[in-house]
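Chemist: My structure is in model.txt, and what it holds is compact mmCIF, C-alpha atoms:
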# COMPACT_ATOMS: atom_id res chain seq x y z
CA MET P 1 21.55 -120.53 -127.76
CA ASP P 2 22.62 -116.91 -128.27
CA THR P 3 23.88 -116.54 -131.84
CA ALA P 4 25.02 -112.93 -131.44
CA PHE P 5 28.72 -112.22 -131.10
CA THR P 6 29.97 -110.43 -128.03
CA GLU P 7 31.60 -107.03 -128.10
CA GLU P 8 34.95 -108.65 -127.41
CA GLN P 9 34.54 -110.93 -130.41
CA HIS P 10 33.59 -108.00 -132.63
CA GLU P 11 36.66 -106.14 -131.39
CA ILE P 12 38.96 -109.06 -132.23
CA ARG P 13 37.59 -109.16 -135.75
CA ARG P 14 37.64 -105.38 -136.23
CA THR P 15 41.19 -104.87 -134.95
CA LEU P 16 42.59 -107.76 -136.95
CA ARG P 17 40.87 -106.64 -140.15
CA GLU P 18 42.21 -103.10 -139.85
CA LEU P 19 45.76 -104.32 -139.36
CA LEU P 20 45.67 -106.85 -142.18
CA LEU P 21 44.20 -104.37 -144.65
CA LYS P 22 47.19 -102.10 -144.02
CA ARG P 23 49.90 -104.75 -144.02
CA CYS P 24 48.70 -107.63 -146.19
CA GLY P 25 47.64 -106.65 -149.68
CA PRO P 26 48.05 -108.98 -152.69
CA ASP P 27 51.51 -107.60 -153.48
CA GLU P 28 52.68 -108.08 -149.90
CA VAL P 29 51.35 -111.65 -149.91
CA LYS P 30 53.21 -112.50 -153.12
CA ALA P 31 56.41 -111.03 -151.71
CA ALA P 32 56.08 -112.83 -148.36
CA VAL P 33 55.59 -116.31 -149.81
CA ARG P 34 58.85 -116.04 -151.74
CA THR P 35 60.93 -115.50 -148.61
CA PRO P 36 62.67 -118.52 -147.01
CA PRO P 37 60.12 -118.81 -144.15
CA GLY P 38 57.21 -118.41 -146.56
CA TYR P 39 55.56 -115.66 -144.54
CA ASP P 40 56.23 -112.18 -143.15
CA THR P 41 57.94 -112.84 -139.82
CA GLU P 42 57.70 -109.20 -138.76
CA LEU P 43 53.93 -109.18 -139.34
CA TRP P 44 53.60 -112.48 -137.49
CA GLN P 45 55.39 -111.04 -134.48
CA GLN P 46 53.10 -108.02 -134.58
CA LEU P 47 49.99 -110.21 -134.75
CA ALA P 48 51.26 -112.28 -131.84
CA GLY P 49 52.43 -109.39 -129.68
CA ARG P 50 49.63 -106.92 -130.31
CA LEU P 51 46.66 -109.27 -130.70
CA GLY P 52 47.86 -112.50 -129.12
CA LEU P 53 46.74 -114.32 -132.26
CA PRO P 54 48.45 -117.71 -131.73
CA GLY P 55 47.28 -117.78 -128.10
CA LEU P 56 43.63 -116.89 -128.64
CA ALA P 57 42.35 -120.33 -127.65
CA LEU P 58 44.95 -120.98 -124.92
CA PRO P 59 44.28 -120.48 -121.20
CA THR P 60 45.65 -117.39 -119.51
CA ALA P 61 47.62 -119.65 -117.15
CA TYR P 62 49.88 -120.50 -120.09
CA GLY P 63 50.13 -117.01 -121.53
CA GLY P 64 47.10 -117.23 -123.78
CA VAL P 65 44.15 -114.89 -124.19
CA GLY P 66 41.72 -117.34 -122.61
CA CYS P 67 39.19 -117.41 -125.44
CA GLY P 68 38.13 -120.47 -127.42
CA PRO P 69 37.51 -122.00 -130.86
CA THR P 70 34.92 -119.36 -131.75
CA GLU P 71 37.39 -116.49 -131.38
CA LEU P 72 40.04 -118.48 -133.23
CA ALA P 73 37.61 -119.10 -136.09
CA LEU P 74 36.72 -115.40 -136.28
CA ALA P 75 40.43 -114.56 -136.48
CA CYS P 76 40.92 -117.20 -139.18
CA GLU P 77 38.08 -115.71 -141.19
CA GLU P 78 39.93 -112.40 -141.24
CA THR P 79 43.26 -113.98 -142.16
CA GLY P 80 41.46 -115.89 -144.90
CA ARG P 81 40.16 -112.65 -146.40
CA VAL P 82 43.70 -111.58 -147.27
CA VAL P 83 44.99 -115.14 -147.83
CA LEU P 84 47.52 -114.48 -145.08
CA PRO P 85 50.59 -116.72 -145.25
CA ALA P 86 51.27 -117.50 -141.58
CA PRO P 87 51.76 -120.51 -139.28
CA LEU P 88 48.45 -119.81 -137.53
CA ILE P 89 46.61 -123.02 -138.42
CA ALA P 90 49.66 -125.21 -137.77
CA THR P 91 50.44 -123.59 -134.41
CA ALA P 92 47.08 -122.60 -132.92
CA ALA P 93 44.72 -125.19 -134.43
CA LEU P 94 46.91 -128.30 -134.68
CA ALA P 95 49.88 -128.34 -132.31
CA ALA P 96 48.77 -126.17 -129.36
CA PRO P 97 45.55 -128.11 -128.59
CA LEU P 98 47.52 -131.36 -128.46
CA LEU P 99 50.15 -129.86 -126.17
CA LEU P 100 47.39 -128.57 -123.92
CA ALA P 101 45.51 -131.88 -123.89
CA LEU P 102 48.38 -134.36 -123.54
CA GLY P 103 51.45 -132.47 -122.39
CA SER P 104 52.87 -132.75 -118.91
CA GLU P 105 52.87 -129.65 -116.73
CA ARG P 106 56.57 -129.20 -117.46
CA GLN P 107 55.99 -129.41 -121.22
CA ARG P 108 53.04 -127.04 -121.11
CA THR P 109 54.90 -124.48 -119.03
CA ALA P 110 57.96 -124.64 -121.27
CA LEU P 111 56.22 -124.43 -124.64
CA LEU P 112 52.72 -122.95 -124.51
CA PRO P 113 53.67 -119.43 -123.30
CA ALA P 114 56.32 -119.22 -126.03
CA LEU P 115 53.80 -120.35 -128.65
CA ALA P 116 51.20 -117.86 -127.40
CA ALA P 117 53.74 -115.02 -127.58
CA GLY P 118 54.85 -115.92 -131.10
CA GLU P 119 58.38 -116.71 -129.94
CA LEU P 120 57.98 -120.27 -131.22
CA THR P 121 55.86 -121.86 -133.91
CA ALA P 122 54.74 -125.47 -133.98
CA THR P 123 53.14 -128.00 -136.26
CA LEU P 124 51.74 -131.52 -136.27
CA VAL P 125 53.76 -134.10 -138.21
CA VAL P 126 51.69 -136.99 -139.55
CA PRO P 127 53.31 -139.42 -142.02
CA GLY P 128 51.86 -140.44 -145.35
CA GLY P 129 49.69 -137.38 -145.87
CA GLN P 130 47.20 -138.82 -143.36
CA LEU P 131 46.44 -135.60 -141.48
CA ALA P 132 42.68 -135.73 -142.06
CA THR P 133 42.61 -139.39 -140.99
CA ALA P 134 44.65 -138.71 -137.87
CA LEU P 135 42.20 -135.97 -136.85
CA ALA P 136 39.25 -138.33 -137.44
CA LEU P 137 37.74 -135.96 -140.02
CA THR P 138 37.47 -138.48 -142.87
CA GLY P 139 37.05 -141.64 -140.79
CA PRO P 140 37.97 -143.22 -137.46
CA ASN P 141 41.59 -142.69 -136.44
CA ASP P 142 41.97 -146.09 -134.79
CA GLY P 143 43.73 -147.65 -137.80
CA ALA P 144 47.35 -147.97 -138.83
CA TRP P 145 47.62 -144.46 -140.27
CA ALA P 146 51.04 -143.82 -138.63
CA GLY P 147 52.85 -146.78 -140.15
CA GLY P 148 51.12 -149.84 -138.76
CA GLY P 149 54.35 -151.48 -137.62
CA ARG P 150 55.47 -151.99 -141.21
CA ALA P 151 57.92 -150.17 -143.42
CA GLY P 152 57.09 -146.54 -143.99
CA GLY P 153 55.70 -143.85 -141.76
CA ILE P 154 57.65 -142.87 -138.65
CA GLN P 155 58.87 -145.40 -136.10
CA ALA P 156 59.86 -144.67 -132.51
CA ARG P 157 62.11 -146.67 -130.24
CA ARG P 158 62.99 -146.15 -126.61
CA VAL P 159 66.69 -145.74 -125.78
CA PRO P 160 68.56 -146.40 -122.53
CA GLU P 161 69.37 -143.43 -120.33
CA GLU P 162 73.09 -143.66 -121.07
CA GLU P 163 72.45 -143.49 -124.81
CA ALA P 164 70.04 -140.59 -124.39
CA ALA P 165 72.68 -138.64 -122.46
CA ALA P 166 75.49 -139.47 -124.89
CA PRO P 167 77.04 -136.77 -127.10
CA SER P 168 75.75 -136.47 -130.63
CA ARG P 169 77.55 -138.18 -133.49
CA ASN P 170 79.32 -135.00 -134.49
CA GLY P 171 80.78 -134.62 -131.00
CA GLY P 172 78.40 -131.89 -129.94
CA ARG P 173 76.23 -131.52 -126.86
CA PRO P 174 74.22 -134.49 -125.56
CA VAL P 175 71.22 -135.16 -127.72
CA GLY P 176 68.87 -135.87 -124.78
CA GLY P 177 65.40 -137.34 -124.99
CA GLY P 178 64.42 -140.89 -124.16
CA TRP P 179 63.23 -141.83 -127.67
CA ARG P 180 64.59 -141.92 -131.21
CA LEU P 181 62.47 -141.36 -134.32
CA TYR P 182 63.15 -142.82 -137.74
CA GLY P 183 61.13 -142.29 -140.90
CA GLU P 184 59.78 -139.54 -143.08
CA ALA P 185 56.70 -137.42 -143.58
CA SER P 186 55.65 -135.26 -146.49
CA GLN P 187 53.14 -132.43 -146.78
CA VAL P 188 53.85 -131.16 -143.27
CA LEU P 189 52.20 -127.77 -142.86
CA ASN P 190 54.88 -125.13 -142.10
CA GLY P 191 57.22 -128.03 -141.42
CA HIS P 192 60.33 -126.25 -142.71
CA THR P 193 60.14 -123.43 -140.14
CA ALA P 194 58.33 -124.76 -137.05
CA GLU P 195 60.58 -124.86 -134.00
CA VAL P 196 58.39 -127.38 -132.20
CA LEU P 197 57.34 -130.58 -133.95
CA VAL P 198 54.56 -132.75 -132.55
CA VAL P 199 55.32 -136.03 -134.32
CA ALA P 200 52.93 -138.96 -134.60
CA ALA P 201 55.02 -142.12 -134.59
CA HIS P 202 54.40 -145.82 -134.35
CA THR P 203 56.00 -147.86 -131.60
CA GLY P 204 55.76 -151.29 -130.09
CA GLY P 205 56.36 -153.29 -133.25
CA PHE P 206 53.68 -155.34 -134.94
CA ALA P 207 52.70 -157.35 -131.88
CA ARG P 208 52.06 -154.36 -129.58
CA SER P 209 51.26 -151.78 -132.20
CA ARG P 210 50.33 -148.31 -130.98
CA THR P 211 50.66 -144.71 -132.10
CA LEU P 212 51.97 -142.02 -129.75
CA LEU P 213 52.92 -138.36 -130.03
CA PHE P 214 56.47 -137.10 -129.52
CA LEU P 215 58.06 -133.68 -129.15
CA VAL P 216 61.04 -132.66 -131.26
CA ARG P 217 62.66 -129.29 -130.64
CA ALA P 218 63.72 -128.38 -134.17
CA ALA P 219 65.77 -125.38 -133.07
CA ASP P 220 68.65 -125.19 -130.64
CA ALA P 221 69.05 -122.56 -127.93
CA GLY P 222 70.34 -120.13 -130.51
CA GLY P 223 67.24 -120.47 -132.61
CA ALA P 224 68.93 -122.18 -135.55
CA ARG P 225 66.57 -123.99 -137.90
CA ALA P 226 66.91 -127.70 -138.47
CA GLY P 227 69.07 -128.74 -141.37
CA ALA P 228 72.61 -127.70 -142.14
CA GLY P 229 74.28 -126.42 -139.00
CA SER P 230 71.33 -127.34 -136.80
CA GLY P 231 71.69 -128.64 -133.28
CA VAL P 232 69.27 -131.49 -134.04
CA PRO P 233 71.10 -134.54 -135.39
CA GLY P 234 69.42 -136.60 -138.08
CA LEU P 235 66.65 -134.13 -138.97
CA LEU P 236 66.41 -132.88 -142.55
CA ARG P 237 63.63 -130.53 -143.61
CA THR P 238 62.96 -129.55 -147.21
CA ARG P 239 60.34 -127.07 -148.32
CA GLN P 240 58.17 -128.56 -151.05
CA THR P 241 56.84 -126.86 -154.13
CA ALA P 242 53.12 -126.36 -153.65
CA MET P 243 50.42 -124.87 -155.86
CA ASP P 244 49.28 -122.67 -152.98
CA GLU P 245 52.42 -120.86 -151.88
CA THR P 246 50.52 -119.19 -149.04
CA ARG P 247 50.20 -122.61 -147.38
CA PRO P 248 53.86 -123.79 -147.31
CA GLN P 249 54.53 -127.46 -146.75
CA ALA P 250 57.69 -129.45 -146.16
CA ARG P 251 59.13 -132.94 -146.33
CA LEU P 252 60.76 -134.15 -143.12
CA GLU P 253 63.33 -136.94 -142.92
CA LEU P 254 64.16 -138.27 -139.48
CA ARG P 255 67.18 -140.49 -138.91
CA GLU P 256 67.43 -141.43 -135.25
CA VAL P 257 66.18 -137.99 -134.20
CA PRO P 258 66.07 -137.49 -130.40
CA ALA P 259 62.57 -136.88 -129.06
CA GLU P 260 60.60 -136.95 -125.87
CA LEU P 261 57.19 -138.47 -125.33
CA LEU P 262 54.34 -135.97 -125.21
CA GLY P 263 52.86 -136.47 -121.77
CA GLU P 264 53.90 -138.56 -118.82
CA GLY P 265 54.47 -142.27 -118.23
CA ASP P 266 54.75 -144.71 -121.11
CA GLY P 267 52.05 -143.10 -123.22
CA ASP P 268 48.42 -143.96 -123.76
CA ALA P 269 47.46 -144.74 -127.38
CA ALA P 270 43.75 -144.39 -126.59
CA ALA P 271 44.30 -140.94 -125.08
CA VAL P 272 46.34 -139.91 -128.13
CA ALA P 273 43.58 -140.98 -130.51
CA GLN P 274 41.01 -139.17 -128.38
CA ALA P 275 43.07 -135.97 -128.28
CA LEU P 276 43.58 -136.04 -132.04
CA ALA P 277 39.85 -136.60 -132.60
CA ALA P 278 39.10 -133.65 -130.27
CA THR P 279 41.54 -131.46 -132.17
CA GLY P 280 39.88 -132.32 -135.47
CA PRO P 281 36.72 -130.18 -134.98
CA VAL P 282 38.82 -127.19 -133.87
CA ALA P 283 41.09 -127.44 -136.92
CA ALA P 284 38.12 -128.02 -139.24
CA ALA P 285 36.26 -124.99 -137.89
CA ALA P 286 39.36 -122.79 -138.23
CA LEU P 287 40.03 -123.95 -141.79
CA ALA P 288 36.35 -123.58 -142.71
CA ALA P 289 36.35 -120.01 -141.39
CA GLU P 290 39.47 -119.25 -143.41
CA ALA P 291 37.78 -120.61 -146.53
CA VAL P 292 34.70 -118.48 -145.83
CA GLY P 293 36.83 -115.36 -145.43
CA ALA P 294 38.68 -116.06 -148.68
CA ALA P 295 35.43 -116.70 -150.54
CA ASP P 296 33.88 -113.51 -149.16
CA THR P 297 36.72 -111.35 -150.44
CA ALA P 298 36.86 -113.11 -153.80
CA LEU P 299 33.12 -112.62 -154.27
CA ALA P 300 33.23 -108.95 -153.22
CA ARG P 301 36.03 -108.21 -155.66
CA THR P 302 34.22 -110.06 -158.43
CA VAL P 303 31.04 -108.04 -157.80
CA ALA P 304 33.09 -104.82 -157.92
CA HIS P 305 34.66 -105.93 -161.20
CA VAL P 306 31.39 -106.75 -162.98
CA GLN P 307 30.01 -103.37 -161.94
CA GLN P 308 32.91 -101.63 -163.67
CA ARG P 309 33.54 -103.90 -166.64
CA VAL P 310 31.58 -102.57 -169.65
CA GLN P 311 30.48 -104.83 -172.50
CA PHE P 312 27.99 -103.99 -175.24
CA GLY P 313 27.72 -100.51 -173.81
CA ARG P 314 26.68 -101.53 -170.30
CA PRO P 315 28.31 -103.06 -167.17
CA ILE P 316 28.31 -106.84 -167.38
CA GLY P 317 26.91 -106.93 -163.86
CA SER P 318 23.62 -105.63 -165.27
CA PHE P 319 23.09 -108.82 -167.26
CA GLN P 320 20.64 -111.17 -165.61
CA ALA P 321 22.75 -114.28 -166.25
CA VAL P 322 25.69 -112.75 -164.35
CA GLN P 323 23.42 -111.60 -161.53
CA HIS P 324 21.99 -115.10 -161.12
CA ARG P 325 25.46 -116.64 -160.92
CA LEU P 326 26.55 -114.15 -158.28
CA ALA P 327 23.34 -114.59 -156.31
CA ASP P 328 23.87 -118.36 -156.17
CA LEU P 329 27.41 -117.80 -154.91
CA TYR P 330 26.17 -115.41 -152.23
CA VAL P 331 23.65 -117.95 -150.95
CA ALA P 332 26.28 -120.70 -150.86
CA LEU P 333 28.71 -118.40 -149.04
CA GLN P 334 26.21 -117.42 -146.35
CA ALA P 335 25.29 -121.04 -145.76
CA ALA P 336 28.97 -121.95 -145.42
CA ARG P 337 29.54 -119.06 -143.00
CA SER P 338 26.67 -120.21 -140.78
CA ALA P 339 28.03 -123.76 -140.81
CA ALA P 340 31.55 -122.59 -139.92
CA TYR P 341 30.29 -120.46 -137.03
CA TYR P 342 28.22 -123.34 -135.70
CA ALA P 343 31.16 -125.73 -135.99
CA ALA P 344 33.36 -123.34 -134.00
CA TRP P 345 30.63 -122.88 -131.39
CA SER P 346 30.16 -126.65 -131.16
CA ALA P 347 33.90 -127.27 -130.89
CA GLY P 348 33.85 -125.13 -127.77
CA GLY P 349 30.96 -127.09 -126.33
CA GLY P 350 28.62 -124.17 -126.93
CA ARG P 351 30.87 -121.90 -124.89
CA SER P 352 34.11 -120.03 -125.43
CA ALA P 353 36.03 -121.76 -122.65
CA PRO P 354 39.11 -123.56 -124.02
CA GLU P 355 38.73 -126.47 -121.63
CA SER P 356 35.55 -127.48 -123.46
CA ALA P 357 37.23 -127.60 -126.87
CA GLY P 358 36.38 -130.63 -128.91
CA ALA P 359 33.15 -131.35 -127.04
CA ALA P 360 31.34 -131.88 -130.33
CA GLY P 361 31.96 -134.92 -132.51
CA PRO P 362 34.10 -134.67 -135.64
CA GLY P 363 31.03 -134.88 -137.89
CA VAL P 364 29.97 -131.26 -137.25
CA GLY P 365 33.39 -129.89 -138.14
CA ALA P 366 33.75 -132.20 -141.13
CA LEU P 367 30.40 -131.14 -142.57
CA ALA P 368 31.11 -127.43 -142.05
CA LEU P 369 34.54 -127.79 -143.64
CA ALA P 370 33.08 -129.62 -146.64
CA GLN P 371 30.50 -126.88 -147.18
CA ALA P 372 33.08 -124.11 -146.83
CA LEU P 373 35.52 -125.77 -149.21
CA GLU P 374 32.80 -126.25 -151.81
CA ALA P 375 31.74 -122.61 -151.48
CA LEU P 376 35.31 -121.37 -151.87
CA ARG P 377 35.90 -123.60 -154.86
CA ALA P 378 32.73 -122.33 -156.58
CA VAL P 379 33.44 -118.67 -155.80
CA ALA P 380 37.08 -118.90 -156.91
CA ALA P 381 36.14 -120.59 -160.18
CA GLU P 382 33.49 -117.99 -160.98
CA ALA P 383 35.88 -115.19 -160.00
CA VAL P 384 38.35 -116.41 -162.62
CA GLN P 385 35.61 -116.73 -165.24
CA LEU P 386 33.90 -113.39 -164.59
CA HIS P 387 37.18 -111.49 -164.58
CA GLY P 388 37.61 -112.59 -168.16
CA GLY P 389 41.04 -112.97 -169.75
CA ILE P 390 42.88 -111.21 -166.93
CA GLY P 391 41.46 -113.65 -164.38
CA PHE P 392 43.46 -116.50 -165.91
CA THR P 393 46.82 -114.80 -165.39
CA TRP P 394 49.12 -115.63 -162.46
CA GLU P 395 49.65 -111.93 -161.87
CA HIS P 396 46.01 -111.29 -160.99
CA GLU P 397 44.91 -111.71 -157.38
CA ALA P 398 42.12 -114.12 -158.37
CA GLN P 399 44.70 -116.88 -158.67
CA LEU P 400 45.50 -116.61 -154.95
CA TYR P 401 41.96 -117.64 -154.06
CA PHE P 402 41.76 -120.26 -156.79
CA LYS P 403 44.94 -121.96 -155.56
CA ARG P 404 43.81 -121.76 -151.94
CA ALA P 405 40.54 -123.47 -152.91
CA ALA P 406 42.36 -126.25 -154.77
CA CYS P 407 44.92 -126.99 -152.05
CA ASP P 408 42.78 -126.72 -148.92
CA GLU P 409 40.77 -129.72 -150.00
CA LEU P 410 43.99 -131.71 -150.30
CA LEU P 411 44.99 -130.68 -146.78
CA LEU P 412 41.95 -131.92 -144.81
CA GLY P 413 39.74 -133.41 -147.49
CA PRO P 414 38.48 -134.59 -149.86
CA VAL P 415 34.98 -133.18 -149.56
CA HIS P 416 33.12 -136.43 -150.25
CA ARG P 417 34.97 -138.16 -147.42
CA LEU P 418 34.24 -135.29 -145.05
CA ARG P 419 30.56 -135.64 -145.83
CA ALA P 420 30.74 -139.42 -145.45
CA ARG P 421 32.28 -138.97 -142.00
CA ALA P 422 29.49 -136.59 -141.00
CA ALA P 423 26.91 -139.05 -142.29
CA GLU P 424 28.55 -141.84 -140.31
CA GLU P 425 28.50 -139.75 -137.14
CA ALA P 426 24.81 -139.04 -137.70
CA GLY P 427 24.10 -142.74 -138.25
CA LEU P 428 22.71 -142.25 -141.76
CA PHE P 429 24.57 -145.21 -143.27
CA PRO P 430 24.95 -147.77 -140.48
CA ASP P 431 25.65 -150.61 -142.92
CA GLY P 432 28.15 -148.68 -145.01
CA ALA P 433 25.73 -148.17 -147.91
CA GLY P 434 25.04 -144.95 -149.71
CA GLU P 435 28.40 -143.19 -149.54
CA PRO P 436 28.61 -140.38 -152.09
CA ASP P 437 30.66 -140.59 -155.31
CA GLY P 438 31.48 -144.24 -154.83
CA ALA P 439 33.61 -143.53 -151.78
CA PRO P 440 34.06 -146.48 -149.42
CA ALA P 441 32.70 -146.42 -145.91
CA PRO P 442 35.33 -145.59 -143.29
CA GLY P 443 37.12 -148.82 -142.51
CA ARG P 444 36.10 -150.56 -145.76
CA ALA P 445 38.97 -152.09 -147.70
CA PRO P 446 40.39 -149.89 -150.47
CA GLU P 447 39.85 -152.64 -153.05
CA ALA P 448 36.11 -152.08 -152.65
CA VAL P 449 36.42 -148.72 -154.36
CA GLU P 450 35.58 -148.66 -158.03
CA VAL P 451 38.46 -146.97 -159.87
Take the structure in the file and give it back as structure tokens.
Modeler:
Amino acid sequence: MDTAFTEEQHEIRRTLRELLLKRCGPDEVKAAVRTPPGYDTELWQQLAGRLGLPGLALPTAYGGVGCGPTELALACEETGRVVLPAPLIATAALAAPLLLALGSERQRTALLPALAAGELTATLVVPGGQLATALALTGPNDGAWAGGGRAGGIQARRVPEEEAAAPSRNGGRPVGGGWRLYGEASQVLNGHTAEVLVVAAHTGGFARSRTLLFLVRAADAGGARAGAGSGVPGLLRTRQTAMDETRPQARLELREVPAELLGEGDGDAAAVAQALAATGPVAAAALAAEAVGAADTALARTVAHVQQRVQFGRPIGSFQAVQHRLADLYVALQAARSAAYYAAWSAGGGRSAPESAGAAGPGVGALALAQALEALRAVAAEAVQLHGGIGFTWEHEAQLYFKRAACDELLLGPVHRLRARAAEEAGLFPDGAGEPDGAPAPGRAPEAVEV
């Protein structure tokens, strides 16, 4: 195993860091998150056109760069340093791998080049806030996480060809698609702006229950967003208020929304579960690298502050108690960085080729993500404390990292379940005993948890 990065990987990191330092300071981040998209669309187009950022892990045959999860993780580490608000995780780490793994040749050719070029963005829609479960990061994804045939979640039904080709209810163009989706999903990452929605929906009723993935084009040919005046009937998207504004989320309501099945034939639930589980390590490695980048910057700025802040006639960084706290944070950060790099390397099967993505089990990515989230949480908390009174204000940049630490664990956590999943993969608790913090073993009934 060669742990050294290649010159190409160093160049990706160096070029991206230079660009982001010029275009993405704390003031620019705060301004971007308050725009309707929630990010700087001009900067996103520049990152996509100049660096091919959303297509880093896509094959060159579909307009990508032809790299793999390692390069994507290195890019995410740099975007994490500046807490970049962008649809990178949603597009490159969640939706694109599923399109590549399950999509038909027609679907790949139509969508992947546009995603790689930044012309379209995409996201994965999982109902009930079950994203971590769907990706098999906090337990097996063979359960009823998409609705289970009961009320709630998102349901899909097949429609006859004549109904699929019929004009929409408002008399517009034919809605197309051989399926209709009904239900709702909250906490959808970048769900209010993504033009391509990969929707996990339940079909087959209770007797033949199965979960499949469907494609919804949430923008018409003119590029209009879904909602008022959209060409997509029955789709309502509402941006939600989130603590971390740099990670925008949305609530989606689907009322007989036209969709097409991702892939060919009638769909294979086992293949869908396998593709989601393979996407989990890639997403976990990318998010872990982002957390490491954010923690690195927060720690560096805290060290710079304690060197300048004078108390009792000397810089507070000269006090041994402060030095010990910072040293502990540095050790935790370096351990988390090593884990994130290894998770990205493992997600690529020990290589950079995209076709080997997901070769490692979800336990490696889950453990790396847990360690990175814990490191970011510790660094962000100490950054607020060591900055003193100013660190508690919303105006100070420390709050960006503190909010990112708090919300990332809600996105693909919690940490104790990530660790339990890694332990299960390693076979440490074969009988379901010994889960940390009283957490139930994956698959154990919720009533077994002590509240």
Chemist: When you look at P:Ala300 with a cut-off of 10 Å (counting all atoms listed in the file), what residues show up, excluding the ones that are within fewer than 4 positions of it in the same chain? I need them as a list in words.
Modeler: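 These residues fall inside the cut-off: Ala295, Asp296, Ala304, His305, Leu326, Tyr330 and Ala383 of chain P.
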Chemist: Taking only C-alpha atoms into account, which of P:Arg325, P:Arg157, P:His396, P:Arg417 comes nearest P:Asp266?
Modeler: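 Ranked by minimum distance to P:Asp266, first place goes to P:Arg157.
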Chemist: Atom CA of P:Ala336 to atom CA of P:Val33: how many Å, to one decimal?
Modeler: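 Computing the Euclidean distance for atom CA of P:Ala336 and atom CA of P:Val33 yields 27.6 Å.
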Chemist: With all atoms listed in the file as the counted atoms, please give the residues lying no more than 7 Å from P:Thr203, apart from itself and same-chain residues fewer than 3 positions off, as a ChimeraX atom specification.
Modeler: /P:155-157,209-211
Chemist: Distance cut-off 9 Å, centre (54.2, -128.6, -151.5) in file coordinates, counting only C-alpha atoms: which residues qualify? Return them as an NGL selection string.
Modeler: :P and (186-189 or 239-245 or 247-251)
Chemist: At a cut-off of 8 Å, using only C-alpha atoms, what residues contact P:Ala146? Leave out same-chain residues fewer than 4 positions from it and give the result as a PyMOL selection string.
Modeler: chain P and resi 126-128+130+153-154+200-202+211
Chemist: Just to confirm, what's the straight-line distance from atom CA of P:Tyr182 to atom CA of P:Val199 in Å (one decimal)?
Modeler: 10.9 Å
Chemist: Counting all atoms listed in the file, select every polymer residue within 9 Å of (46.2, -112.9, -146.4) as defined in the file's coordinates, and provide the selection as a list in words.
Modeler: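 Here the neighbourhood of the point contains Leu20, Leu21, Cys24, Gly25, Pro26, Glu28, Val29, Glu78, Thr79, Gly80, Arg81, Val82, Val83, Leu84, Pro85, Ala86, Thr246 and Ala294 of chain P.
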Chemist: Atom CA of P:His192 to atom CA of P:Thr238: how many Å, to one decimal?
Modeler: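 Computed distance, atom CA of P:His192 to atom CA of P:Thr238, equals 6.2 Å.
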Chemist: Mind checking which residues fall within 9 Å of P:Arg377, counting only C-alpha atoms, ignoring those fewer than 2 positions away in the same chain, and posting them as an mmCIF file with C-alpha atoms, keeping the file's coordinate frame?
Modeler:
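The resulting file, selection_36.cif, is shown below:
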data_model
loop_
_atom_site.group_PDB
_atom_site.id
_atom_site.type_symbol
_atom_site.label_atom_id
_atom_site.label_comp_id
_atom_site.auth_asym_id
_atom_site.auth_seq_id
_atom_site.Cartn_x
_atom_site.Cartn_y
_atom_site.Cartn_z
ATOM 1 C CA ALA P 295 35.430 -116.700 -150.540
ATOM 2 C CA ALA P 372 33.080 -124.110 -146.830
ATOM 3 C CA LEU P 373 35.520 -125.770 -149.210
ATOM 4 C CA GLU P 374 32.800 -126.250 -151.810
ATOM 5 C CA ALA P 375 31.740 -122.610 -151.480
ATOM 6 C CA VAL P 379 33.440 -118.670 -155.800
ATOM 7 C CA ALA P 380 37.080 -118.900 -156.910
ATOM 8 C CA ALA P 381 36.140 -120.590 -160.180
ATOM 9 C CA GLU P 382 33.490 -117.990 -160.980
ATOM 10 C CA TYR P 401 41.960 -117.640 -154.060
ATOM 11 C CA PHE P 402 41.760 -120.260 -156.790
ATOM 12 C CA ARG P 404 43.810 -121.760 -151.940
ATOM 13 C CA ALA P 405 40.540 -123.470 -152.910
ATOM 14 C CA ALA P 406 42.360 -126.250 -154.770
#
Chemist: Quick one: residues within 12 Å of P:Arg50, all atoms listed in the file counted, chain neighbours fewer than 3 positions away excluded, as number ranges by chain?
Modeler: P: 12, 15-16, 19, 42-47, 53-56, 65, 116-118
Chemist: Point out the residue among P:Thr393, P:Ala73, P:Val216, P:Ala144 with the least atom-to-atom distance to P:Ser338, counting only C-alpha atoms.
Modeler: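 Of P:Thr393, P:Ala73, P:Val216, P:Ala144, the one nearest P:Ser338, counting only C-alpha atoms, is P:Ala73.
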Chemist: Have a look at P:Leu386, P:Leu137, P:Ala426, P:Leu181 and name the one nearest to P:Leu369; count all atoms listed in the file.
Modeler: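 For P:Leu369, the nearest of the given residues is P:Leu137.
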Chemist: Check the smallest atom-to-atom distance from each of P:Pro87, P:Pro97, P:Pro69, P:Pro59 to P:Leu135 using only C-alpha atoms, then report the winner.
Modeler: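 Comparing P:Pro87, P:Pro97, P:Pro69, P:Pro59 against P:Leu135, the winner is P:Pro97.
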Chemist: Nearest to P:Thr6 among P:Cys67, P:Leu410, P:Ala335, P:Ala378, with distances taken over all atoms listed in the file: which residue is it?
Modeler: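 Smallest distance to P:Thr6 is found for P:Cys67.
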Chemist: Box for stretch 107-120 of chain P - axis-aligned, 3 Å on each of the six sides, all listed atoms - centre and size in Å to one decimal, as lines of an AutoDock Vina configuration file.
Modeler:
center_x = 54.8
center_y = -122.2
center_z = -125.1
size_x = 13.2
size_y = 20.4
size_z = 18.2
